[in-house]
>>> print(open('upload09.pdb').read())   # PDB, C-alpha atoms, pLDDT in the B column
ATOM      1  CA  MET A   1       0.000   0.000   0.000  1.00 83.00           C
ATOM      2  CA  PRO A   2       1.368   3.495  -0.832  1.00 89.00           C
ATOM      3  CA  ALA A   3       2.971   5.271   2.125  1.00 92.00           C
ATOM      4  CA  TYR A   4       0.562   8.201   2.271  1.00 93.00           C
ATOM      5  CA  LEU A   5      -2.488   5.910   2.325  1.00 94.00           C
ATOM      6  CA  THR A   6      -0.899   3.755   5.034  1.00 94.00           C
ATOM      7  CA  TRP A   7      -0.160   6.847   7.100  1.00 94.00           C
ATOM      8  CA  LEU A   8      -3.759   8.055   6.678  1.00 95.00           C
ATOM      9  CA  ALA A   9      -5.130   4.651   7.679  1.00 96.00           C
ATOM     10  CA  VAL A  10      -2.974   4.347  10.800  1.00 95.00           C
ATOM     11  CA  TYR A  11      -2.829   7.926  12.071  1.00 94.00           C
ATOM     12  CA  VAL A  12      -6.114   9.442  10.886  1.00 95.00           C
ATOM     13  CA  TRP A  13      -8.811   6.917   9.944  1.00 96.00           C
ATOM     14  CA  LEU A  14      -8.149   4.450  12.774  1.00 96.00           C
ATOM     15  CA  PRO A  15      -8.174   7.064  15.589  1.00 95.00           C
ATOM     16  CA  LEU A  16     -11.188   8.752  13.962  1.00 96.00           C
ATOM     17  CA  ALA A  17     -13.071   5.438  13.818  1.00 97.00           C
ATOM     18  CA  VAL A  18     -12.233   4.726  17.481  1.00 97.00           C
ATOM     19  CA  LEU A  19     -13.337   8.204  18.611  1.00 96.00           C
ATOM     20  CA  TRP A  20     -16.564   8.054  16.593  1.00 96.00           C
ATOM     21  CA  ALA A  21     -17.329   4.550  17.911  1.00 96.00           C
ATOM     22  CA  THR A  22     -16.776   5.599  21.522  1.00 95.00           C
ATOM     23  CA  HIS A  23     -18.437   9.041  21.291  1.00 94.00           C
ATOM     24  CA  GLY A  24     -21.199   8.345  18.776  1.00 92.00           C
ATOM     25  CA  SER A  25     -23.885  10.518  20.372  1.00 93.00           C
ATOM     26  CA  LEU A  26     -21.549  13.514  20.663  1.00 93.00           C
ATOM     27  CA  VAL A  27     -20.632  13.151  16.984  1.00 94.00           C
ATOM     28  CA  ILE A  28     -24.264  12.847  15.867  1.00 93.00           C
ATOM     29  CA  ARG A  29     -25.255  15.918  17.909  1.00 92.00           C
ATOM     30  CA  HIS A  30     -22.539  17.916  16.154  1.00 93.00           C
ATOM     31  CA  LYS A  31     -22.692  16.567  12.604  1.00 92.00           C
ATOM     32  CA  LYS A  32     -23.107  20.026  11.059  1.00 92.00           C
ATOM     33  CA  THR A  33     -20.093  21.305  13.020  1.00 93.00           C
ATOM     34  CA  LEU A  34     -18.033  18.387  11.671  1.00 94.00           C
ATOM     35  CA  ALA A  35     -19.175  18.968   8.090  1.00 94.00           C
ATOM     36  CA  ILE A  36     -18.461  22.708   8.193  1.00 93.00           C
ATOM     37  CA  SER A  37     -15.048  22.069   9.802  1.00 93.00           C
ATOM     38  CA  ALA A  38     -14.134  19.727   6.951  1.00 93.00           C
ATOM     39  CA  LEU A  39     -15.164  22.403   4.441  1.00 93.00           C
ATOM     40  CA  LEU A  40     -13.137  25.058   6.271  1.00 92.00           C
ATOM     41  CA  SER A  41     -10.171  22.699   6.289  1.00 93.00           C
ATOM     42  CA  MET A  42     -10.468  22.348   2.497  1.00 93.00           C
ATOM     43  CA  ALA A  43     -10.895  26.100   2.044  1.00 93.00           C
ATOM     44  CA  ILE A  44      -7.536  26.742   3.732  1.00 93.00           C
ATOM     45  CA  GLY A  45      -5.736  23.580   2.645  1.00 93.00           C
ATOM     46  CA  VAL A  46      -6.340  23.531  -1.109  1.00 94.00           C
ATOM     47  CA  PRO A  47      -4.898  26.986  -1.947  1.00 94.00           C
ATOM     48  CA  TRP A  48      -2.037  26.369   0.493  1.00 94.00           C
ATOM     49  CA  ASP A  49      -1.242  23.071  -1.228  1.00 94.00           C
ATOM     50  CA  PHE A  50      -1.226  24.715  -4.656  1.00 94.00           C
ATOM     51  CA  PHE A  51       1.165  27.348  -3.322  1.00 94.00           C
ATOM     52  CA  ALA A  52       3.373  24.723  -1.676  1.00 93.00           C
ATOM     53  CA  LEU A  53       3.588  22.575  -4.807  1.00 93.00           C
ATOM     54  CA  ALA A  54       4.300  25.603  -7.007  1.00 93.00           C
ATOM     55  CA  THR A  55       7.157  26.739  -4.732  1.00 92.00           C
ATOM     56  CA  ASN A  56       8.339  23.185  -3.998  1.00 90.00           C
ATOM     57  CA  THR A  57       7.819  23.748  -0.273  1.00 91.00           C
ATOM     58  CA  TRP A  58       6.546  20.204  -0.079  1.00 92.00           C
ATOM     59  CA  SER A  59       5.799  17.508  -2.631  1.00 92.00           C
ATOM     60  CA  PHE A  60       4.404  14.005  -2.870  1.00 93.00           C
ATOM     61  CA  PRO A  61       6.756  11.318  -4.212  1.00 92.00           C
ATOM     62  CA  VAL A  62       5.070   9.360  -7.033  1.00 92.00           C
ATOM     63  CA  HIS A  63       5.539   6.001  -5.277  1.00 91.00           C
ATOM     64  CA  SER A  64       3.893   7.337  -2.068  1.00 91.00           C
ATOM     65  CA  VAL A  65       0.469   8.041  -3.570  1.00 93.00           C
ATOM     66  CA  VAL A  66      -2.091   5.903  -5.416  1.00 92.00           C
ATOM     67  CA  GLY A  67      -1.800   8.060  -8.529  1.00 89.00           C
ATOM     68  CA  ILE A  68      -5.251   9.663  -8.686  1.00 92.00           C
ATOM     69  CA  TYR A  69      -4.910  13.422  -8.992  1.00 93.00           C
ATOM     70  CA  ILE A  70      -7.605  16.104  -8.768  1.00 92.00           C
ATOM     71  CA  PHE A  71      -6.359  19.501  -9.989  1.00 92.00           C
ATOM     72  CA  THR A  72      -2.715  18.359  -9.601  1.00 90.00           C
ATOM     73  CA  LEU A  73      -3.221  17.292  -5.957  1.00 93.00           C
ATOM     74  CA  PRO A  74      -3.197  13.576  -5.068  1.00 94.00           C
ATOM     75  CA  ILE A  75      -6.501  12.278  -3.742  1.00 94.00           C
ATOM     76  CA  GLU A  76      -4.819  11.420  -0.436  1.00 94.00           C
ATOM     77  CA  GLU A  77      -4.227  15.108   0.171  1.00 94.00           C
ATOM     78  CA  TYR A  78      -7.968  15.835  -0.028  1.00 95.00           C
ATOM     79  CA  CYS A  79      -8.533  12.919   2.367  1.00 95.00           C
ATOM     80  CA  PHE A  80      -5.891  14.430   4.672  1.00 94.00           C
ATOM     81  CA  MET A  81      -7.701  17.783   4.761  1.00 95.00           C
ATOM     82  CA  ILE A  82     -11.199  16.368   5.209  1.00 95.00           C
ATOM     83  CA  PHE A  83     -10.470  13.597   7.702  1.00 96.00           C
ATOM     84  CA  LEU A  84      -7.743  15.332   9.711  1.00 94.00           C
ATOM     85  CA  GLY A  85     -10.106  18.308   9.982  1.00 93.00           C
ATOM     86  CA  MET A  86     -12.794  15.954  11.292  1.00 95.00           C
ATOM     87  CA  LEU A  87     -10.353  14.214  13.658  1.00 95.00           C
ATOM     88  CA  VAL A  88      -9.224  17.499  15.167  1.00 93.00           C
ATOM     89  CA  THR A  89     -12.815  18.752  15.469  1.00 94.00           C
ATOM     90  CA  THR A  90     -13.859  15.492  17.145  1.00 95.00           C
ATOM     91  CA  MET A  91     -10.947  15.792  19.592  1.00 93.00           C
ATOM     92  CA  VAL A  92     -11.903  19.392  20.375  1.00 92.00           C
ATOM     93  CA  LEU A  93     -15.535  18.383  20.931  1.00 93.00           C
ATOM     94  CA  ILE A  94     -14.470  15.586  23.292  1.00 93.00           C
ATOM     95  CA  ILE A  95     -12.068  17.824  25.226  1.00 90.00           C
ATOM     96  CA  ARG A  96     -14.785  20.473  25.471  1.00 88.00           C
ATOM     97  CA  ALA A  97     -17.309  17.933  26.764  1.00 89.00           C
ATOM     98  CA  ARG A  98     -14.964  16.080  29.127  1.00 85.00           C
ATOM     99  CA  PHE A  99     -12.562  18.713  30.436  1.00 80.00           C
ATOM    100  CA  GLY A 100     -14.551  21.885  29.854  1.00 73.00           C
ATOM    101  CA  ARG A 101     -15.008  22.410  33.593  1.00 71.00           C
ATOM    102  CA  PHE A 102     -11.236  22.707  34.077  1.00 70.00           C
ATOM    103  CA  LEU A 103     -10.625  24.821  31.009  1.00 69.00           C
ATOM    104  CA  MET A 104     -13.628  27.130  30.915  1.00 70.00           C
ATOM    105  CA  PRO A 105     -15.258  29.397  33.504  1.00 62.00           C
ATOM    106  CA  LYS A 106     -18.496  28.172  35.082  1.00 57.00           C
ATOM    107  CA  LYS A 107     -20.899  30.295  33.049  1.00 57.00           C
ATOM    108  CA  VAL A 108     -19.905  28.770  29.690  1.00 56.00           C
ATOM    109  CA  ARG A 109     -19.514  25.136  30.769  1.00 54.00           C
ATOM    110  CA  ARG A 110     -21.453  22.534  28.812  1.00 53.00           C
TER     111      ARG A 110
ATOM    112  CA  MET B 111      20.333  32.114   5.662  1.00 76.00           C
ATOM    113  CA  SER B 112      18.577  33.026   2.421  1.00 82.00           C
ATOM    114  CA  LEU B 113      15.098  34.449   1.932  1.00 84.00           C
ATOM    115  CA  GLN B 114      14.071  31.269   0.161  1.00 85.00           C
ATOM    116  CA  GLN B 115      14.522  29.369   3.421  1.00 87.00           C
ATOM    117  CA  LEU B 116      11.652  31.400   4.854  1.00 91.00           C
ATOM    118  CA  THR B 117       9.152  30.205   2.215  1.00 92.00           C
ATOM    119  CA  TYR B 118       7.504  27.581   4.450  1.00 91.00           C
ATOM    120  CA  LEU B 119       7.420  29.953   7.427  1.00 93.00           C
ATOM    121  CA  MET B 120       5.916  32.737   5.301  1.00 93.00           C
ATOM    122  CA  SER B 121       3.293  30.378   3.882  1.00 93.00           C
ATOM    123  CA  ILE B 122       2.325  29.436   7.460  1.00 95.00           C
ATOM    124  CA  PHE B 123       1.869  33.102   8.374  1.00 94.00           C
ATOM    125  CA  LEU B 124       0.000  33.749   5.129  1.00 94.00           C
ATOM    126  CA  PHE B 125      -2.434  30.815   5.158  1.00 93.00           C
ATOM    127  CA  ALA B 126      -2.764  29.653   8.791  1.00 93.00           C
ATOM    128  CA  GLY B 127      -2.081  33.096  10.316  1.00 94.00           C
ATOM    129  CA  GLY B 128      -4.340  34.813   7.782  1.00 94.00           C
ATOM    130  CA  ALA B 129      -7.206  32.386   8.394  1.00 93.00           C
ATOM    131  CA  LEU B 130      -6.802  32.796  12.164  1.00 93.00           C
ATOM    132  CA  LEU B 131      -6.815  36.602  11.899  1.00 93.00           C
ATOM    133  CA  ILE B 132     -10.011  36.559   9.810  1.00 91.00           C
ATOM    134  CA  GLU B 133     -11.598  34.176  12.303  1.00 90.00           C
ATOM    135  CA  LEU B 134     -10.563  36.356  15.254  1.00 89.00           C
ATOM    136  CA  ALA B 135     -11.996  39.417  13.525  1.00 87.00           C
ATOM    137  CA  LEU B 136     -15.302  37.565  13.181  1.00 86.00           C
ATOM    138  CA  VAL B 137     -15.697  35.976  16.608  1.00 85.00           C
ATOM    139  CA  ARG B 138     -13.204  37.532  19.045  1.00 82.00           C
ATOM    140  CA  ARG B 139     -16.010  39.005  21.204  1.00 79.00           C
ATOM    141  CA  ASP B 140     -17.230  35.513  22.025  1.00 76.00           C
ATOM    142  CA  LEU B 141     -13.835  34.055  22.929  1.00 80.00           C
ATOM    143  CA  ARG B 142     -12.717  35.767  26.127  1.00 77.00           C
ATOM    144  CA  PRO B 143     -13.994  32.999  28.442  1.00 79.00           C
ATOM    145  CA  TYR B 144     -12.204  30.365  26.378  1.00 82.00           C
ATOM    146  CA  ALA B 145      -8.594  31.617  26.720  1.00 82.00           C
ATOM    147  CA  ARG B 146      -7.373  28.581  28.711  1.00 84.00           C
ATOM    148  CA  PHE B 147      -9.208  26.188  26.432  1.00 85.00           C
ATOM    149  CA  LEU B 148      -7.583  27.733  23.358  1.00 86.00           C
ATOM    150  CA  GLY B 149      -4.167  27.582  25.030  1.00 88.00           C
ATOM    151  CA  ALA B 150      -4.761  23.858  25.486  1.00 87.00           C
ATOM    152  CA  MET B 151      -5.623  23.597  21.769  1.00 88.00           C
ATOM    153  CA  ALA B 152      -2.299  25.140  20.739  1.00 90.00           C
ATOM    154  CA  LEU B 153      -0.522  22.704  23.062  1.00 91.00           C
ATOM    155  CA  LEU B 154      -2.493  19.816  21.548  1.00 90.00           C
ATOM    156  CA  GLY B 155      -1.356  20.954  18.088  1.00 90.00           C
ATOM    157  CA  ILE B 156       2.282  20.827  19.146  1.00 92.00           C
ATOM    158  CA  MET B 157       1.802  17.352  20.643  1.00 92.00           C
ATOM    159  CA  LEU B 158       0.034  16.090  17.501  1.00 90.00           C
ATOM    160  CA  THR B 159       2.936  17.273  15.341  1.00 92.00           C
ATOM    161  CA  ALA B 160       5.396  15.327  17.460  1.00 92.00           C
ATOM    162  CA  ILE B 161       3.223  12.202  17.040  1.00 92.00           C
ATOM    163  CA  LEU B 162       2.049  12.460  13.412  1.00 91.00           C
ATOM    164  CA  GLU B 163       4.876  14.137  11.505  1.00 92.00           C
ATOM    165  CA  PRO B 164       7.924  11.860  12.113  1.00 92.00           C
ATOM    166  CA  PRO B 165       6.258   8.682  10.722  1.00 93.00           C
ATOM    167  CA  ALA B 166       5.013  10.597   7.659  1.00 93.00           C
ATOM    168  CA  LEU B 167       8.484  11.962   6.939  1.00 91.00           C
ATOM    169  CA  GLY B 168      10.079   8.600   7.724  1.00 91.00           C
ATOM    170  CA  SER B 169       7.869   6.762   5.222  1.00 91.00           C
ATOM    171  CA  ARG B 170       8.182   9.656   2.702  1.00 92.00           C
ATOM    172  CA  ALA B 171       4.392  10.119   2.517  1.00 92.00           C
ATOM    173  CA  TRP B 172       5.358  13.705   1.711  1.00 92.00           C
ATOM    174  CA  VAL B 173       8.742  15.422   1.529  1.00 92.00           C
ATOM    175  CA  TYR B 174       9.799  18.995   2.170  1.00 92.00           C
ATOM    176  CA  GLY B 175      11.975  21.012  -0.190  1.00 89.00           C
ATOM    177  CA  GLN B 176      14.953  21.581   2.082  1.00 88.00           C
ATOM    178  CA  GLN B 177      15.872  24.841   0.326  1.00 90.00           C
ATOM    179  CA  ASN B 178      12.553  26.318   1.576  1.00 89.00           C
ATOM    180  CA  MET B 179      13.027  25.328   5.223  1.00 89.00           C
ATOM    181  CA  LEU B 180      14.952  26.722   8.176  1.00 90.00           C
ATOM    182  CA  ASP B 181      16.326  23.169   8.447  1.00 85.00           C
ATOM    183  CA  VAL B 182      15.934  23.045  12.228  1.00 89.00           C
ATOM    184  CA  HIS B 183      14.493  19.746  13.448  1.00 86.00           C
ATOM    185  CA  VAL B 184      12.788  19.189  16.797  1.00 89.00           C
ATOM    186  CA  LEU B 185      11.490  15.731  17.787  1.00 88.00           C
ATOM    187  CA  GLY B 186      11.856  14.535  14.196  1.00 85.00           C
ATOM    188  CA  ALA B 187       9.822  17.351  12.608  1.00 88.00           C
ATOM    189  CA  GLU B 188      10.661  20.682  10.984  1.00 89.00           C
ATOM    190  CA  ILE B 189      10.402  23.438  13.591  1.00 91.00           C
ATOM    191  CA  GLU B 190       7.999  25.422  11.364  1.00 92.00           C
ATOM    192  CA  THR B 191       5.540  22.523  11.432  1.00 93.00           C
ATOM    193  CA  PHE B 192       5.006  23.047  15.173  1.00 94.00           C
ATOM    194  CA  LEU B 193       3.913  26.626  14.462  1.00 94.00           C
ATOM    195  CA  TYR B 194       1.714  25.326  11.612  1.00 93.00           C
ATOM    196  CA  SER B 195      -0.046  22.891  13.950  1.00 93.00           C
ATOM    197  CA  ALA B 196      -0.405  25.344  16.840  1.00 93.00           C
ATOM    198  CA  LEU B 197      -2.046  27.955  14.574  1.00 94.00           C
ATOM    199  CA  LEU B 198      -4.290  25.440  12.830  1.00 92.00           C
ATOM    200  CA  LEU B 199      -5.412  23.838  16.092  1.00 92.00           C
ATOM    201  CA  LEU B 200      -6.221  27.311  17.424  1.00 92.00           C
ATOM    202  CA  PHE B 201      -8.233  27.945  14.253  1.00 93.00           C
ATOM    203  CA  ALA B 202     -10.001  24.582  14.542  1.00 92.00           C
ATOM    204  CA  GLY B 203     -10.623  25.068  18.274  1.00 91.00           C
ATOM    205  CA  ILE B 204     -12.242  28.471  17.773  1.00 91.00           C
ATOM    206  CA  ALA B 205     -14.326  27.249  14.812  1.00 91.00           C
ATOM    207  CA  THR B 206     -15.496  24.196  16.766  1.00 91.00           C
ATOM    208  CA  ILE B 207     -16.469  26.212  19.855  1.00 88.00           C
ATOM    209  CA  VAL B 208     -18.482  28.725  17.845  1.00 88.00           C
ATOM    210  CA  LEU B 209     -20.119  26.180  15.538  1.00 90.00           C
ATOM    211  CA  ALA B 210     -20.880  23.697  18.337  1.00 89.00           C
ATOM    212  CA  ASP B 211     -22.402  26.440  20.525  1.00 86.00           C
ATOM    213  CA  HIS B 212     -24.727  27.381  17.667  1.00 86.00           C
ATOM    214  CA  GLU B 213     -25.573  23.779  16.796  1.00 88.00           C
ATOM    215  CA  GLU B 214     -26.461  22.992  20.430  1.00 87.00           C
ATOM    216  CA  LYS B 215     -28.846  25.956  20.459  1.00 85.00           C
ATOM    217  CA  GLY B 216     -30.347  24.768  17.147  1.00 82.00           C
ATOM    218  CA  ASP B 217     -29.126  27.987  15.576  1.00 78.00           C
ATOM    219  CA  LEU B 218     -26.454  26.830  13.106  1.00 76.00           C
ATOM    220  CA  THR B 219     -28.106  28.575  10.176  1.00 77.00           C
ATOM    221  CA  VAL B 220     -27.049  30.809   7.316  1.00 77.00           C
ATOM    222  CA  THR B 221     -28.671  33.748   9.138  1.00 75.00           C
ATOM    223  CA  ALA B 222     -26.576  33.094  12.253  1.00 73.00           C
ATOM    224  CA  MET B 223     -23.402  32.903  10.190  1.00 75.00           C
ATOM    225  CA  ARG B 224     -24.313  36.109   8.346  1.00 75.00           C
ATOM    226  CA  LYS B 225     -24.282  37.857  11.731  1.00 75.00           C
ATOM    227  CA  TYR B 226     -20.573  37.030  12.035  1.00 75.00           C
ATOM    228  CA  ALA B 227     -19.787  37.940   8.433  1.00 73.00           C
ATOM    229  CA  GLY B 228     -21.526  41.278   9.017  1.00 74.00           C
ATOM    230  CA  ARG B 229     -18.865  42.152  11.602  1.00 72.00           C
ATOM    231  CA  ILE B 230     -16.215  42.557   8.923  1.00 68.00           C
ATOM    232  CA  LEU B 231     -18.208  42.800   5.683  1.00 70.00           C
ATOM    233  CA  PRO B 232     -20.698  45.538   4.831  1.00 65.00           C
ATOM    234  CA  ILE B 233     -23.673  43.132   4.762  1.00 57.00           C
ATOM    235  CA  ARG B 234     -27.018  44.815   5.441  1.00 58.00           C
ATOM    236  CA  PRO B 235     -29.678  42.940   7.338  1.00 54.00           C
ATOM    237  CA  HIS B 236     -32.459  41.633   5.155  1.00 56.00           C
ATOM    238  CA  VAL B 237     -35.306  44.152   5.082  1.00 52.00           C
ATOM    239  CA  ARG B 238     -38.802  43.196   4.121  1.00 52.00           C
ATOM    240  CA  ARG B 239     -40.815  46.068   2.799  1.00 55.00           C
ATOM    241  CA  LYS B 240     -44.549  46.118   3.285  1.00 55.00           C
ATOM    242  CA  ILE B 241     -46.560  48.738   1.440  1.00 56.00           C
ATOM    243  CA  THR B 242     -49.354  50.115   3.597  1.00 58.00           C
ATOM    244  CA  VAL B 243     -52.100  52.159   1.981  1.00 58.00           C
ATOM    245  CA  LEU B 244     -54.418  53.709   4.506  1.00 61.00           C
ATOM    246  CA  PRO B 245     -58.162  53.357   3.704  1.00 65.00           C
ATOM    247  CA  GLY B 246     -59.625  56.584   2.377  1.00 66.00           C
ATOM    248  CA  ALA B 247     -56.259  58.161   1.926  1.00 61.00           C
ATOM    249  CA  ALA B 248     -55.770  60.461  -0.977  1.00 60.00           C
ATOM    250  CA  PRO B 249     -53.743  59.144  -3.853  1.00 57.00           C
ATOM    251  CA  HIS B 250     -50.119  59.802  -3.162  1.00 56.00           C
ATOM    252  CA  ARG B 251     -47.115  60.053  -5.348  1.00 56.00           C
ATOM    253  CA  GLY B 252     -45.076  57.338  -3.739  1.00 54.00           C
ATOM    254  CA  PRO B 253     -45.971  54.359  -1.594  1.00 55.00           C
ATOM    255  CA  ARG B 254     -45.871  54.825   2.145  1.00 54.00           C
ATOM    256  CA  CYS B 255     -43.586  52.180   3.397  1.00 54.00           C
ATOM    257  CA  ALA B 256     -43.176  50.640   6.783  1.00 55.00           C
ATOM    258  CA  ASP B 257     -39.901  48.829   7.082  1.00 54.00           C
ATOM    259  CA  ILE B 258     -40.082  45.688   9.053  1.00 52.00           C
ATOM    260  CA  ALA B 259     -36.630  44.484   9.957  1.00 47.00           C
TER     261      ALA B 259
END
>>> encode(input="upload09.pdb", output="structure tokens")
Amino acid sequence: MPAYLTWLAVYVWLPLAVLWATHGSLVIRHKKTLAISALLSMAIGVPWDFFALATNTWSFPVHSVVGIYIFTLPIEEYCFMIFLGMLVTTMVLIIRARFGRFLMPKKVRR
Amino acid sequence: MSLQQLTYLMSIFLFAGGALLIELALVRRDLRPYARFLGAMALLGIMLTAILEPPALGSRAWVYGQQNMLDVHVLGAEIETFLYSALLLLFAGIATIVLADHEEKGDLTVTAMRKYAGRILPIRPHVRRKITVLPGAAPHRGPRCADIA
């Protein structure tokens, strides 16, 4: 399996699946938040990636990706933006729900 | 050190910093109680970089152009990447707090989001105009309008 896909599977999809399985109700209650976060992640990530590839700030070795490109970006990069955005949002939601009382003043606790 | 070595750092300020500044301009009034929470988010970003970046670089999932980097490595990652993650986690933390607060109130709507956009863009509130003609009133040149916001 190409390296980027393996990395996504191990470090993004697996933790995301575990968090969603263990915090299903929290995820369902915030599905719009998750969807908008993924869109925001794309809105920042796609132009940044185009800039980075144009200036050779970073690149994706041919043997590391499956070889499907959308507008010169490998499909794994779109998966990175969408699913890492969702993973981070899920983690923030869990931290907010679990540890909010230590991190936030009383009047805004959930 | 050449200017080219600052390319990655500048792109972080431009894209992650720029997005964070726009977000702060939109929602900063609502964030004061969350200062500690957002500090924790930045810390989480730094920790995630230390966990996620070294295996990606080790397996060459992506590679950096060394001429565009400061070439300072900390815990197996480029030092700029820690700034990247801290800024993006701050951005994600703020977005999640604001969006989740609205979704829990059942108010995650286009109208609610327009309220935030209106803080930095000259968006006028939607105005419905109702033409009221009083019974028995003399014909008038223009309609008498009552604006209902």
>>> resolve_selection(input="upload09.pdb", expression="the ChimeraX specification (/A :<8) & /B", output="PyMOL selection string")
chain B and resi 117-118+121+125-126+129+143-147+151+162+165-166+169-176+178-179+199+202-203+205-207+209-210+213-214+218
>>> atom_distance(input="upload09.pdb", atom1="CA of Ala9 in chain A", atom2="CA of Gly127 in chain B")
28.7 Å
>>> atom_distance(input="upload09.pdb", atom1="CA of Leu154 in chain B", atom2="CA of His212 in chain B")
23.8 Å
>>> residues_around(input="upload09.pdb", residues="Ile156 in chain B", least_positions_apart="5", cutoff="12 Å", atoms="all atoms listed in the file", output="compact mmCIF listing (two decimals) with C-alpha atoms, keeping the file's coordinate frame")
# COMPACT_ATOMS: atom_id res chain seq x y z
CA GLY B 149 -4.17 27.58 25.03
CA ALA B 150 -4.76 23.86 25.49
CA MET B 151 -5.62 23.60 21.77
CA ILE B 161 3.22 12.20 17.04
CA LEU B 162 2.05 12.46 13.41
CA GLU B 163 4.88 14.14 11.50
CA VAL B 184 12.79 19.19 16.80
CA LEU B 185 11.49 15.73 17.79
CA ALA B 187 9.82 17.35 12.61
CA GLU B 188 10.66 20.68 10.98
CA ILE B 189 10.40 23.44 13.59
CA GLU B 190 8.00 25.42 11.36
CA THR B 191 5.54 22.52 11.43
CA PHE B 192 5.01 23.05 15.17
CA LEU B 193 3.91 26.63 14.46
CA TYR B 194 1.71 25.33 11.61
CA SER B 195 -0.05 22.89 13.95
CA ALA B 196 -0.40 25.34 16.84
CA LEU B 197 -2.05 27.96 14.57
CA LEU B 198 -4.29 25.44 12.83
CA LEU B 199 -5.41 23.84 16.09
CA LEU B 200 -6.22 27.31 17.42
>>> atom_distance(input="upload09.pdb", atom1="CA of Arg224 in chain B", atom2="CA of Phe201 in chain B")
19.0 Å
>>> decode(input="upload09.pdb", residues="range 214-228 of chain B", atoms="N, CA and C atoms", output="CSV table (one decimal), in the first residue's frame")
chain,number,residue,atom,x,y,z
B,214,GLU,N,-25.8,23.4,19.2
B,214,GLU,CA,-26.5,23.0,20.4
B,214,GLU,C,-27.7,23.8,20.7
B,215,LYS,N,-27.7,25.1,20.3
B,215,LYS,CA,-28.8,26.0,20.5
B,215,LYS,C,-29.8,25.8,19.3
B,216,GLY,N,-29.5,24.9,18.3
B,216,GLY,CA,-30.3,24.8,17.1
B,216,GLY,C,-30.3,26.0,16.3
B,217,ASP,N,-29.2,26.7,16.3
B,217,ASP,CA,-29.1,28.0,15.6
B,217,ASP,C,-27.9,28.0,14.6
B,218,LEU,N,-27.6,26.8,14.1
B,218,LEU,CA,-26.5,26.8,13.1
B,218,LEU,C,-27.0,27.0,11.7
B,219,THR,N,-27.4,28.3,11.4
B,219,THR,CA,-28.1,28.6,10.2
B,219,THR,C,-27.3,29.6,9.4
B,220,VAL,N,-27.7,29.8,8.2
B,220,VAL,CA,-27.0,30.8,7.3
B,220,VAL,C,-27.2,32.2,8.0
B,221,THR,N,-28.4,32.4,8.5
B,221,THR,CA,-28.7,33.7,9.1
B,221,THR,C,-27.7,34.0,10.3
B,222,ALA,N,-27.5,32.9,11.1
B,222,ALA,CA,-26.6,33.1,12.3
B,222,ALA,C,-25.2,33.4,11.8
B,223,MET,N,-24.8,32.7,10.7
B,223,MET,CA,-23.4,32.9,10.2
B,223,MET,C,-23.2,34.3,9.5
B,224,ARG,N,-24.3,34.8,8.9
B,224,ARG,CA,-24.3,36.1,8.3
B,224,ARG,C,-24.1,37.2,9.4
B,225,LYS,N,-24.5,36.9,10.6
B,225,LYS,CA,-24.3,37.9,11.7
B,225,LYS,C,-22.8,38.0,11.9
B,226,TYR,N,-22.0,36.9,11.9
B,226,TYR,CA,-20.6,37.0,12.0
B,226,TYR,C,-19.9,37.7,10.8
B,227,ALA,N,-20.4,37.3,9.6
B,227,ALA,CA,-19.8,37.9,8.4
B,227,ALA,C,-20.0,39.5,8.4
B,228,GLY,N,-21.2,39.9,9.0
B,228,GLY,CA,-21.5,41.3,9.0
B,228,GLY,C,-20.6,42.1,9.9
